[in-house]
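Colleague: Input file: target_27.txt. Contents: compact mmCIF, C-alpha atoms and all ligand atoms.
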```txt
# COMPACT_ATOMS: atom_id res chain seq x y z
CA MET A 1 0.00 0.00 0.00
CA GLN A 2 1.04 3.61 -0.47
CA ILE A 3 2.00 5.49 2.70
CA ARG A 4 3.36 8.93 3.52
CA ALA A 5 6.70 8.69 5.31
CA ALA A 6 9.47 11.01 6.52
CA VAL A 7 12.60 9.80 4.74
CA ALA A 8 15.91 10.51 6.51
CA ARG A 9 19.17 11.17 4.68
CA ALA A 10 22.42 12.12 6.41
CA ARG A 11 22.68 15.78 7.45
CA ALA A 12 19.64 16.75 5.38
CA PRO A 13 16.13 17.68 6.50
CA PHE A 14 13.54 14.90 6.75
CA GLU A 15 11.55 14.69 3.51
CA LEU A 16 7.87 13.71 3.51
CA VAL A 17 7.30 11.49 0.48
CA ASP A 18 5.07 8.63 -0.70
CA CYS A 19 6.57 5.17 -0.17
CA GLU A 20 5.31 1.64 -0.74
CA LEU A 21 4.67 -0.48 2.37
CA ALA A 22 4.51 -4.28 2.05
CA ALA A 23 1.84 -6.38 3.77
CA PRO A 24 2.77 -7.63 7.27
CA GLY A 25 4.76 -10.85 7.28
CA PRO A 26 4.70 -13.68 9.84
CA GLY A 27 4.73 -12.27 13.39
CA GLU A 28 3.94 -8.75 12.18
CA VAL A 29 0.94 -6.43 12.04
CA LEU A 30 0.03 -3.38 9.95
CA VAL A 31 -0.47 -0.37 12.24
CA GLU A 32 -2.18 2.91 11.31
CA VAL A 33 0.08 5.37 13.15
CA GLU A 34 -1.63 8.05 15.27
CA ALA A 35 1.47 9.68 16.71
CA CYS A 36 5.21 9.13 17.12
CA GLY A 37 7.68 10.73 19.51
CA LEU A 38 10.97 12.17 18.32
CA CYS A 39 13.99 11.01 20.33
CA ARG A 40 17.67 11.95 20.12
CA THR A 41 18.36 8.44 18.85
CA ASP A 42 16.44 9.28 15.66
CA LEU A 43 18.68 12.28 15.02
CA SER A 44 21.83 10.28 15.90
CA ALA A 45 20.75 7.65 13.36
CA LYS A 46 20.23 10.33 10.71
CA ASP A 47 23.25 12.55 11.27
CA HIS A 48 25.91 10.87 13.40
CA GLY A 49 26.73 7.51 11.86
CA TYR A 50 24.84 5.46 14.43
CA GLY A 51 24.97 2.49 12.04
CA THR A 52 21.47 2.71 10.56
CA PRO A 53 21.69 2.31 6.76
CA LEU A 54 20.33 5.42 5.01
CA PRO A 55 18.01 6.43 3.51
CA ALA A 56 15.70 5.25 6.26
CA VAL A 57 12.29 5.78 7.74
CA LEU A 58 13.07 6.35 11.43
CA GLY A 59 10.72 6.80 14.40
CA HIS A 60 10.66 4.41 17.35
CA GLU A 61 8.02 5.75 19.73
CA GLY A 62 4.85 5.06 17.74
CA VAL A 63 1.26 4.69 18.88
CA GLY A 64 -1.49 3.48 16.57
CA ARG A 65 -4.16 0.96 15.77
CA VAL A 66 -3.73 -2.53 14.31
CA LEU A 67 -5.37 -2.79 10.88
CA THR A 68 -4.35 -6.25 9.64
CA ARG A 69 -2.29 -9.20 10.91
CA GLY A 70 0.41 -11.29 9.29
CA ALA A 71 0.57 -15.08 9.43
CA GLY A 72 0.53 -16.67 12.87
CA VAL A 73 -0.47 -13.55 14.81
CA ARG A 74 -3.07 -14.43 17.45
CA SER A 75 -2.24 -12.10 20.33
CA LEU A 76 -3.68 -8.89 18.81
CA GLU A 77 -7.01 -8.28 17.09
CA PRO A 78 -7.50 -5.75 14.29
CA GLY A 79 -8.74 -2.52 15.90
CA GLN A 80 -6.50 -2.93 18.97
CA ARG A 81 -4.59 0.19 19.92
CA VAL A 82 -0.89 -0.34 20.67
CA ILE A 83 2.29 1.36 21.80
CA MET A 84 5.28 0.31 19.70
CA SER A 85 8.39 -0.08 21.86
CA TYR A 86 11.78 -1.60 21.00
CA GLY A 87 12.46 -4.92 19.29
CA ALA A 88 13.92 -8.15 20.67
CA CYS A 89 14.12 -11.73 19.41
CA GLY A 90 12.25 -13.36 22.30
CA ARG A 91 14.53 -16.43 22.32
CA CYS A 92 18.09 -15.50 23.36
CA PRO A 93 19.32 -15.79 27.00
CA SER A 94 18.57 -12.12 27.78
CA CYS A 95 15.07 -12.39 26.33
CA ALA A 96 14.48 -15.63 28.26
CA ALA A 97 15.54 -13.78 31.43
CA ARG A 98 12.95 -11.04 30.66
CA MET A 99 15.74 -8.55 29.94
CA PRO A 100 14.92 -7.93 26.26
CA ALA A 101 16.88 -4.64 26.21
CA TYR A 102 20.03 -6.81 26.15
CA CYS A 103 18.79 -9.10 23.36
CA ASP A 104 21.57 -10.71 21.31
CA HIS A 105 19.87 -9.26 18.21
CA ALA A 106 19.14 -5.79 19.64
CA MET A 107 21.33 -3.97 17.11
CA ASP A 108 19.82 -5.81 14.12
CA TYR A 109 16.19 -5.35 15.14
CA ASN A 110 16.51 -1.79 16.42
CA VAL A 111 19.44 0.31 15.20
CA PHE A 112 20.02 -1.48 11.88
CA GLY A 113 16.26 -1.63 11.29
CA ARG A 114 16.26 -5.17 9.89
CA ARG A 115 13.49 -7.73 9.96
CA PRO A 116 14.57 -11.25 11.01
CA ASP A 117 14.74 -12.28 7.33
CA GLY A 118 16.87 -9.22 6.53
CA ASP A 119 14.54 -7.48 4.08
CA SER A 120 12.63 -4.20 4.45
CA PRO A 121 8.87 -3.63 4.23
CA ILE A 122 9.37 -0.11 2.76
CA THR A 123 10.42 0.73 -0.78
CA LEU A 124 11.05 4.20 -2.22
CA ASP A 125 10.95 4.61 -6.01
CA GLY A 126 11.15 0.83 -6.36
CA ALA A 127 14.23 0.35 -4.14
CA PRO A 128 14.14 -0.95 -0.54
CA ILE A 129 15.16 1.51 2.20
CA THR A 130 15.57 0.91 5.94
CA GLY A 131 11.98 0.40 7.04
CA HIS A 132 11.96 -1.55 10.31
CA PHE A 133 13.82 0.82 12.65
CA PHE A 134 13.20 -0.45 16.21
CA GLY A 135 10.81 -2.94 14.59
CA GLN A 136 8.48 -0.16 13.44
CA SER A 137 9.78 2.88 11.44
CA ALA A 138 6.87 4.96 12.71
CA PHE A 139 7.63 8.36 11.14
CA ALA A 140 4.92 7.41 8.66
CA THR A 141 1.16 7.19 8.31
CA HIS A 142 1.42 3.38 8.56
CA ALA A 143 3.98 0.91 9.90
CA VAL A 144 4.60 -2.82 9.67
CA ALA A 145 5.55 -3.66 13.25
CA ALA A 146 6.84 -6.78 14.95
CA VAL A 147 4.29 -8.16 17.41
CA THR A 148 7.02 -8.67 20.04
CA ASN A 149 7.40 -4.83 20.26
CA LEU A 150 3.74 -4.11 20.88
CA VAL A 151 1.92 -3.27 24.10
CA PRO A 152 -1.92 -3.06 23.93
CA ILE A 153 -3.46 0.12 25.39
CA ASP A 154 -6.99 1.35 26.07
CA ASP A 155 -8.80 3.66 23.65
CA ASP A 156 -9.16 6.55 26.10
CA LEU A 157 -5.41 7.13 26.58
CA PRO A 158 -3.98 10.18 24.71
CA ALA A 159 -1.70 9.03 21.88
CA ALA A 160 0.88 11.80 22.31
CA MET A 161 1.45 10.99 26.00
CA MET A 162 1.65 7.25 25.32
CA CYS A 163 4.40 7.80 22.71
CA ALA A 164 6.68 9.14 25.42
CA LEU A 165 6.42 5.84 27.34
CA ALA A 166 7.90 3.82 24.46
CA CYS A 167 11.54 4.80 24.95
CA GLY A 168 12.62 7.98 26.79
CA VAL A 169 10.28 7.85 29.79
CA GLN A 170 10.71 4.08 30.04
CA THR A 171 14.48 4.63 30.28
CA GLY A 172 14.31 7.27 33.03
CA VAL A 173 11.61 5.67 35.14
CA GLY A 174 13.07 2.19 34.65
CA ALA A 175 16.54 3.36 35.67
CA VAL A 176 15.23 4.61 39.02
CA VAL A 177 12.73 1.84 39.72
CA ASN A 178 14.36 -1.25 38.18
CA VAL A 179 18.09 -0.50 38.24
CA LEU A 180 18.81 1.94 41.09
CA ARG A 181 15.89 0.51 43.06
CA ALA A 182 15.68 3.86 44.82
CA GLY A 183 13.39 4.30 47.79
CA PRO A 184 12.78 6.23 51.02
CA GLY A 185 16.07 7.20 52.64
CA ASP A 186 17.88 7.61 49.34
CA ALA A 187 19.64 10.80 48.29
CA VAL A 188 19.38 10.64 44.50
CA GLY A 189 21.31 12.74 42.00
CA ILE A 190 20.00 12.99 38.44
CA PHE A 191 22.49 14.32 35.90
CA GLY A 192 20.90 15.70 32.71
CA CYS A 193 17.28 16.89 32.67
CA GLY A 194 15.85 16.07 29.23
CA THR A 195 13.06 13.50 28.78
CA VAL A 196 15.05 10.72 30.44
CA GLY A 197 16.28 12.79 33.41
CA LEU A 198 12.94 14.49 34.10
CA SER A 199 11.24 11.08 33.98
CA ALA A 200 13.80 9.89 36.52
CA VAL A 201 12.88 12.85 38.74
CA MET A 202 9.20 11.84 38.54
CA ALA A 203 10.10 8.25 39.41
CA ALA A 204 12.30 9.30 42.34
CA ARG A 205 9.40 11.29 43.76
CA LEU A 206 7.09 8.32 43.19
CA ALA A 207 9.61 6.12 45.03
CA GLY A 208 9.56 8.50 48.01
CA CYS A 209 13.27 9.35 47.92
CA GLU A 210 14.42 11.56 50.76
CA SER A 211 16.18 14.05 48.49
CA ILE A 212 16.25 14.45 44.70
CA LEU A 213 19.02 16.62 43.28
CA ALA A 214 18.71 17.64 39.62
CA VAL A 215 21.87 18.69 37.76
CA ASP A 216 21.84 20.35 34.32
CA ARG A 217 23.53 23.18 32.44
CA ARG A 218 20.21 24.89 31.74
CA ARG A 219 18.34 26.73 34.47
CA ASP A 220 14.97 26.42 32.69
CA ARG A 221 15.33 22.63 32.80
CA LEU A 222 16.20 22.76 36.48
CA GLU A 223 13.01 24.75 37.11
CA ARG A 224 11.05 22.03 35.31
CA ALA A 225 12.81 19.43 37.48
CA ARG A 226 11.86 21.33 40.60
CA ALA A 227 8.23 21.48 39.48
CA LEU A 228 8.27 17.70 38.95
CA GLY A 229 9.68 16.85 42.39
CA ALA A 230 13.38 17.74 42.62
CA THR A 231 14.12 18.92 46.17
CA GLY A 232 17.36 20.61 45.08
CA VAL A 233 18.97 21.80 41.85
CA LEU A 234 22.58 22.36 40.82
CA PRO A 235 23.40 24.36 37.67
CA SER A 236 26.47 22.69 36.13
CA GLU A 237 27.27 25.31 33.48
CA GLY A 238 30.91 26.29 33.79
CA LEU A 239 31.72 23.73 36.54
CA GLY A 240 34.71 21.47 35.94
CA ARG A 241 34.91 17.93 37.32
CA ALA A 242 36.53 18.95 40.64
CA GLU A 243 34.15 21.88 41.19
CA LEU A 244 31.12 19.70 40.49
CA GLU A 245 32.43 17.01 42.86
CA ARG A 246 32.98 19.62 45.59
CA ALA A 247 29.48 21.07 45.11
CA LEU A 248 27.94 17.58 45.32
CA ARG A 249 29.88 16.76 48.49
CA GLU A 250 28.86 20.03 50.10
CA LEU A 251 25.26 18.99 49.48
CA GLY A 252 25.87 15.79 51.46
CA GLY A 253 26.78 13.29 48.75
CA LEU A 254 24.54 10.74 47.05
CA THR A 255 23.34 7.21 47.76
CA ARG A 256 22.11 6.84 44.17
CA ALA A 257 23.24 8.63 41.00
CA PHE A 258 21.84 8.48 37.49
CA ASP A 259 23.74 9.92 34.53
CA ASN A 260 22.09 10.50 31.19
CA THR A 261 24.57 13.08 29.88
CA GLY A 262 27.27 10.66 28.72
CA SER A 263 29.82 13.31 29.72
CA ALA A 264 33.00 11.89 31.32
CA PRO A 265 33.66 14.77 33.78
CA ILE A 266 30.06 14.57 35.04
CA ILE A 267 30.17 10.77 35.38
CA GLU A 268 33.47 10.99 37.29
CA ALA A 269 32.15 13.70 39.62
CA ALA A 270 28.95 11.69 40.25
CA PHE A 271 31.05 8.62 41.13
CA ALA A 272 33.26 10.61 43.49
CA ALA A 273 30.20 12.09 45.25
CA LEU A 274 28.70 8.67 46.05
CA ARG A 275 28.43 7.73 49.70
CA ARG A 276 29.55 4.27 50.86
CA ARG A 277 27.67 1.49 49.05
CA GLY A 278 26.38 4.09 46.61
CA VAL A 279 25.22 3.10 43.13
CA LEU A 280 25.88 4.98 39.88
CA VAL A 281 23.89 4.03 36.76
CA LEU A 282 24.80 5.27 33.28
CA ALA A 283 22.22 5.70 30.50
CA GLY A 284 23.74 8.53 28.45
CA VAL A 285 25.38 7.94 25.09
CA SER A 286 29.05 9.00 25.21
CA PRO A 287 31.19 9.85 22.17
CA PRO A 288 32.70 6.76 20.44
CA ARG A 289 35.58 5.18 22.42
CA ALA A 290 35.03 7.54 25.39
CA THR A 291 36.52 6.35 28.67
CA VAL A 292 35.91 7.37 32.29
CA ALA A 293 38.38 7.03 35.17
CA PHE A 294 37.60 5.87 38.71
CA ASP A 295 39.86 5.40 41.69
CA ALA A 296 39.92 1.59 41.84
CA ASN A 297 40.55 1.45 45.59
CA ARG A 298 37.64 3.78 46.25
CA LEU A 299 35.38 1.62 44.14
CA MET A 300 36.51 -1.51 46.01
CA SER A 301 36.76 -0.29 49.58
CA SER A 302 33.51 1.66 49.67
CA GLY A 303 31.41 -1.05 48.05
CA ARG A 304 30.27 1.29 45.31
CA VAL A 305 28.53 -0.05 42.19
CA VAL A 306 28.78 1.40 38.67
CA ARG A 307 26.66 -0.09 35.91
CA GLY A 308 24.94 0.78 32.64
CA THR A 309 21.37 0.36 31.49
CA ILE A 310 19.43 0.28 28.24
CA GLU A 311 15.73 1.18 28.37
CA GLY A 312 15.92 1.12 32.16
CA ASP A 313 16.10 -2.70 32.10
CA ALA A 314 12.37 -2.60 31.34
CA ASP A 315 10.42 -5.37 29.67
CA PRO A 316 7.89 -3.11 27.89
CA THR A 317 5.07 -5.66 28.09
CA GLU A 318 5.20 -5.46 31.89
CA PHE A 319 6.61 -2.01 32.53
CA ILE A 320 4.51 0.10 30.15
CA PRO A 321 1.21 -1.08 31.76
CA GLN A 322 2.76 -0.25 35.15
CA MET A 323 3.68 3.25 33.95
CA ILE A 324 0.18 3.73 32.50
CA ALA A 325 -1.28 2.92 35.94
CA TRP A 326 1.00 5.59 37.47
CA TYR A 327 0.02 8.05 34.71
CA ARG A 328 -3.68 7.48 35.40
CA ARG A 329 -3.02 8.18 39.09
CA GLY A 330 -1.30 11.48 38.22
CA ALA A 331 2.09 10.21 39.41
CA LEU A 332 3.70 10.50 35.93
CA PRO A 333 2.58 13.92 34.63
CA LEU A 334 3.71 13.32 31.04
CA GLU A 335 1.97 16.52 29.89
CA ALA A 336 4.90 18.40 31.47
CA LEU A 337 7.28 16.82 28.92
CA VAL A 338 5.35 16.61 25.65
CA THR A 339 4.93 19.22 22.87
CA THR A 340 2.93 18.11 19.81
CA TYR A 341 3.56 18.98 16.16
CA PRO A 342 1.70 18.06 12.97
CA PHE A 343 3.61 15.32 11.11
CA ALA A 344 4.50 17.80 8.33
CA GLN A 345 6.40 19.89 10.92
CA ILE A 346 8.94 17.14 11.68
CA ASN A 347 11.91 19.36 10.84
CA ALA A 348 10.70 22.12 13.15
CA ALA A 349 10.23 19.50 15.89
CA ALA A 350 13.78 18.22 15.38
CA ARG A 351 15.21 21.75 15.45
CA ASP A 352 13.28 22.69 18.61
CA MET A 353 14.49 19.54 20.38
CA THR A 354 18.12 20.10 19.32
CA GLU A 355 18.02 23.72 20.47
CA GLY A 356 16.48 22.71 23.79
CA ARG A 357 13.24 24.64 23.29
CA VAL A 358 11.11 21.55 23.93
CA ILE A 359 11.66 18.37 25.97
CA LYS A 360 9.74 15.65 24.11
CA PRO A 361 8.35 16.54 20.67
CA VAL A 362 5.59 14.22 19.43
CA LEU A 363 4.40 14.16 15.82
CA LEU A 364 0.68 13.73 15.15
CA MET A 365 0.00 11.77 11.96
CA ARG A 366 -3.74 12.52 11.93
ZN ZN A 401 16.69 -11.81 22.30
ZN ZN A 402 14.58 6.62 21.98
```
Would you give me this structure, written as structure tokens?
Modeller:
Amino acid sequence: MQIRAAVARARAPFELVDCELAAPGPGEVLVEVEACGLCRTDLSAKDHGYGTPLPAVLGHEGVGRVLTRGAGVRSLEPGQRVIMSYGACGRCPSCAARMPAYCDHAMDYNVFGRRPDGDSPITLDGAPITGHFFGQSAFATHAVAAVTNLVPIDDDLPAAMMCALACGVQTGVGAVVNVLRAGPGDAVGIFGCGTVGLSAVMAARLAGCESILAVDRRRDRLERARALGATGVLPSEGLGRAELERALRELGGLTRAFDNTGSAPIIEAAFAALRRRGVLVLAGVSPPRATVAFDANRLMSSGRVVRGTIEGDADPTEFIPQMIAWYRRGALPLEALVTTYPFAQINAAARDMTEGRVIKPVLLMR
């Protein structure tokens, strides 16, 4: 069928053009896309050699309605509304352990945008282009999505808010709840206050943490963090590693720290500011081959933990329904993060996100 899709080429604006979308194959469904969030990963894939073959239809935070099913699909009926999250094989050791973010095939199914058989459901001017990014490629009016990515949702939930749950919010909330396992008595530091960091602030409040310190270069983001539950803020603009470490120590140090900046000086300062048995979790993307340095004896003798996370260790089929329950209770005020744009304004949405004018842009396809 003919669809309208935003085609990405390196360091060029997205271009809305007509493409041909194949019928869903085994284990896939055709989804009419209502909305799709724009995430930094989409722009990295387009402009920064993330490994996604271009041209491509990107978009990995889609919400829509199932129209038709491919062979063997029983779990979803046509008409069912779904959130499209990230892809995983469902069979490897990580998938079997319900840790699909660490799937052996995560790069193939997500970043490289390949179906299991290697071909693409989208063709442009008769030639296949990358059309299964994160098992969906949802910057389009329609997507062929892998059933393993999909989480059913009720009809009354607003599409734009649900998009945010697919990746960025899942990462921030999951990091606090699943990885840091923060709770009452914890002094949490959250480094970087975009979608992921502000979601982590919401989750830390939900978890009842004793103190929540938000750190960012931008004061407007720190004000947002305060409104969402941060009990303290620390502007990091102009602070070097040692100055940031000193400021964190003067505030009493941290039992839990969450970095989503990917910046080595910030990660090193966060590590140094941990109290005994403190935990530091990294979710930010660093430049290729970046390294961070820790004092090995301090790591050992204080029982500190440093670890990374993808998608907040969340299994979307369990964690997204949990987040929706929190959203319905008012504990995840996603409206504070989301700004909507008509699909045709995708380039304005990308520019506004890059320039820090908005937190989570969401494109409305209808
Ligand atoms: Zn797997
Ligand atoms: Zn993302």
Colleague: Could you give me, as a tab-separated table, a per-residue list for chain A showing, wherever an atom lies at most 12 Å from an atom of ligand ZN 401 (chain A), the closest pair of atoms and their distance in Å to one decimal, using only C-alpha atoms and all ligand atoms and sorting by chain then residue number from low to high?
Modeller:
```
residue	atom	partner	partner_atom	distance
A:Tyr86	CA	A:ZN401	ZN	11.4
A:Gly87	CA	A:ZN401	ZN	8.6
A:Ala88	CA	A:ZN401	ZN	4.9
A:Cys89	CA	A:ZN401	ZN	3.9
A:Gly90	CA	A:ZN401	ZN	4.7
A:Arg91	CA	A:ZN401	ZN	5.1
A:Cys92	CA	A:ZN401	ZN	4.1
A:Pro93	CA	A:ZN401	ZN	6.7
A:Ser94	CA	A:ZN401	ZN	5.8
A:Cys95	CA	A:ZN401	ZN	4.4
A:Ala96	CA	A:ZN401	ZN	7.4
A:Ala97	CA	A:ZN401	ZN	9.4
A:Arg98	CA	A:ZN401	ZN	9.2
A:Met99	CA	A:ZN401	ZN	8.4
A:Pro100	CA	A:ZN401	ZN	5.8
A:Ala101	CA	A:ZN401	ZN	8.2
A:Tyr102	CA	A:ZN401	ZN	7.1
A:Cys103	CA	A:ZN401	ZN	3.6
A:Asp104	CA	A:ZN401	ZN	5.1
A:His105	CA	A:ZN401	ZN	5.8
A:Ala106	CA	A:ZN401	ZN	7.0
A:Met107	CA	A:ZN401	ZN	10.5
A:Asp108	CA	A:ZN401	ZN	10.6
A:Tyr109	CA	A:ZN401	ZN	9.7
A:Asn110	CA	A:ZN401	ZN	11.6
A:Pro116	CA	A:ZN401	ZN	11.5
A:Thr148	CA	A:ZN401	ZN	10.4
A:Asn149	CA	A:ZN401	ZN	11.8
A:Asp315	CA	A:ZN401	ZN	11.6
```
Colleague: Grab me every residue within 8 Å of ligand ZN 402 (chain A), counting only C-alpha atoms and all ligand atoms, and send it over as an MDAnalysis selection string.
Modeller: chainID A and resid 38:42 60:61 166:168
Colleague: Just to confirm, what's the straight-line distance from atom CA of Leu222 of chain A to atom CA of Pro158 of chain A in Å (one decimal)?
Modeller: 26.5 Å
Colleague: Of the residues A:Arg304, A:Arg256, A:Arg218, A:Arg115, which is the one nearest to Val176 of chain A, using all atoms listed in the file?
Modeller: A:Arg256
Colleague: If you count only C-alpha atoms, which residues fall within 7 Å of Gly51 of chain A, apart from same-chain ones fewer than 6 positions away, as number ranges by chain?
Modeller: A: 45, 111-112
Colleague: Got a sec: who's within 6 Å of Thr171 of chain A, counting all atoms listed in the file, leaving out chain neighbours fewer than 4 positions off, as a list in words?
Modeller: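 Near neighbours after the sequence-gap exclusion: Ala175, Glu311 and Gly312 of chain A.
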Colleague: Residues of segment 36-128 of chain A that approach segment 9-20 of chain A to 12 Å or less, counting all atoms listed in the file: could you list each one with the shortest pair of atoms and its distance in Å to one decimal, rows by chain and increasing residue number, as CSV?
Modeller:
```
residue,atom,partner,partner_atom,distance
A:Asp42,CA,A:Phe14,CA,10.9
A:Leu43,CA,A:Arg11,CA,9.2
A:Ser44,CA,A:Ala10,CA,9.7
A:Ala45,CA,A:Ala10,CA,8.4
A:Lys46,CA,A:Ala10,CA,5.1
A:Asp47,CA,A:Ala10,CA,4.9
A:His48,CA,A:Ala10,CA,7.9
A:Gly49,CA,A:Ala10,CA,8.3
A:Tyr50,CA,A:Ala10,CA,10.7
A:Gly51,CA,A:Ala10,CA,11.4
A:Thr52,CA,A:Ala10,CA,10.3
A:Pro53,CA,A:Arg9,CA,9.4
A:Leu54,CA,A:Arg9,CA,5.9
A:Pro55,CA,A:Arg9,CA,5.0
A:Ala56,CA,A:Arg9,CA,7.0
A:Val57,CA,A:Phe14,CA,9.3
A:Leu58,CA,A:Phe14,CA,9.8
A:Gly59,CA,A:Phe14,CA,11.5
A:Ser120,CA,A:Glu20,CA,10.7
A:Pro121,CA,A:Glu20,CA,8.1
A:Ile122,CA,A:Glu20,CA,5.6
A:Thr123,CA,A:Glu20,CA,5.2
A:Leu124,CA,A:Cys19,CA,5.0
A:Asp125,CA,A:Cys19,CA,7.3
A:Gly126,CA,A:Glu20,CA,8.1
A:Ala127,CA,A:Glu20,CA,9.6
A:Pro128,CA,A:Glu20,CA,9.2
```
Colleague: Compare A:Ala160, A:Met300, A:Leu248, A:Cys209 by their minimum atom-to-atom distance to Val338 of chain A, counting only C-alpha atoms, and give me the closest one.
Modeller: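 Of all the options, A:Ala160 lies closest to Val338 of chain A.
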Colleague: Can you pull out the residues contacting Phe343 of chain A? Cut-off 8 Å, using only C-alpha atoms, and skip same-chain residues under 2 positions away; I want them as a ChimeraX atom specification.
Modeller: /A:341,345-346,363-366
Colleague: With distances taken over all atoms listed in the file, which residue among A:Leu21, A:Ala348, A:Leu234, A:Met202 lies nearest Glu250 of chain A?
Modeller: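 Of the candidates, the smallest distance to Glu250 of chain A is held by A:Leu234.
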Colleague: For each of A:Ile266, A:Leu30, A:Met353, A:Ile153, take the minimum atom-to-atom distance to Val82 of chain A, counting all atoms listed in the file, then give the residue where this is smallest.
Modeller: A:Ile153
Colleague: With the input short on atoms, add N, CA, C and O atoms back to segment 93-104 of chain A and write it as an mmCIF file, in the frame of the given file.
Modeller:
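Produced file part.cif, reproduced below:
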```cif
data_model
loop_
_atom_site.group_PDB
_atom_site.id
_atom_site.type_symbol
_atom_site.label_atom_id
_atom_site.label_comp_id
_atom_site.auth_asym_id
_atom_site.auth_seq_id
_atom_site.Cartn_x
_atom_site.Cartn_y
_atom_site.Cartn_z
ATOM 1 N N PRO A 93 19.281 -15.725 25.519
ATOM 2 C CA PRO A 93 19.320 -15.790 27.000
ATOM 3 C C PRO A 93 18.777 -14.535 27.689
ATOM 4 O O PRO A 93 18.063 -14.644 28.693
ATOM 5 N N SER A 94 19.082 -13.342 27.148
ATOM 6 C CA SER A 94 18.570 -12.120 27.780
ATOM 7 C C SER A 94 17.048 -12.047 27.666
ATOM 8 O O SER A 94 16.355 -11.661 28.615
ATOM 9 N N CYS A 95 16.525 -12.405 26.492
ATOM 10 C CA CYS A 95 15.070 -12.390 26.330
ATOM 11 C C CYS A 95 14.417 -13.408 27.262
ATOM 12 O O CYS A 95 13.387 -13.122 27.882
ATOM 13 N N ALA A 96 15.036 -14.598 27.378
ATOM 14 C CA ALA A 96 14.480 -15.630 28.260
ATOM 15 C C ALA A 96 14.486 -15.177 29.715
ATOM 16 O O ALA A 96 13.631 -15.576 30.505
ATOM 17 N N ALA A 97 15.450 -14.296 30.057
ATOM 18 C CA ALA A 97 15.540 -13.780 31.430
ATOM 19 C C ALA A 97 14.672 -12.535 31.618
ATOM 20 O O ALA A 97 14.785 -11.857 32.636
ATOM 21 N N ARG A 98 13.826 -12.221 30.642
ATOM 22 C CA ARG A 98 12.950 -11.040 30.660
ATOM 23 C C ARG A 98 13.757 -9.753 30.749
ATOM 24 O O ARG A 98 13.375 -8.816 31.439
ATOM 25 N N MET A 99 14.895 -9.754 30.075
ATOM 26 C CA MET A 99 15.740 -8.550 29.940
ATOM 27 C C MET A 99 15.929 -8.282 28.446
ATOM 28 O O MET A 99 17.059 -8.299 27.932
ATOM 29 N N PRO A 100 14.820 -8.032 27.721
ATOM 30 C CA PRO A 100 14.920 -7.930 26.260
ATOM 31 C C PRO A 100 15.766 -6.762 25.780
ATOM 32 O O PRO A 100 16.204 -6.761 24.628
ATOM 33 N N ALA A 101 16.036 -5.770 26.638
ATOM 34 C CA ALA A 101 16.880 -4.640 26.210
ATOM 35 C C ALA A 101 18.286 -5.119 25.864
ATOM 36 O O ALA A 101 19.009 -4.447 25.123
ATOM 37 N N TYR A 102 18.683 -6.276 26.397
ATOM 38 C CA TYR A 102 20.030 -6.810 26.150
ATOM 39 C C TYR A 102 19.992 -7.994 25.197
ATOM 40 O O TYR A 102 20.875 -8.846 25.211
ATOM 41 N N CYS A 103 18.941 -8.038 24.364
ATOM 42 C CA CYS A 103 18.790 -9.100 23.360
ATOM 43 C C CYS A 103 20.046 -9.224 22.495
ATOM 44 O O CYS A 103 20.648 -8.229 22.100
ATOM 45 N N ASP A 104 20.422 -10.468 22.187
ATOM 46 C CA ASP A 104 21.570 -10.710 21.310
ATOM 47 C C ASP A 104 21.398 -10.034 19.942
ATOM 48 O O ASP A 104 22.376 -9.759 19.257
#
```
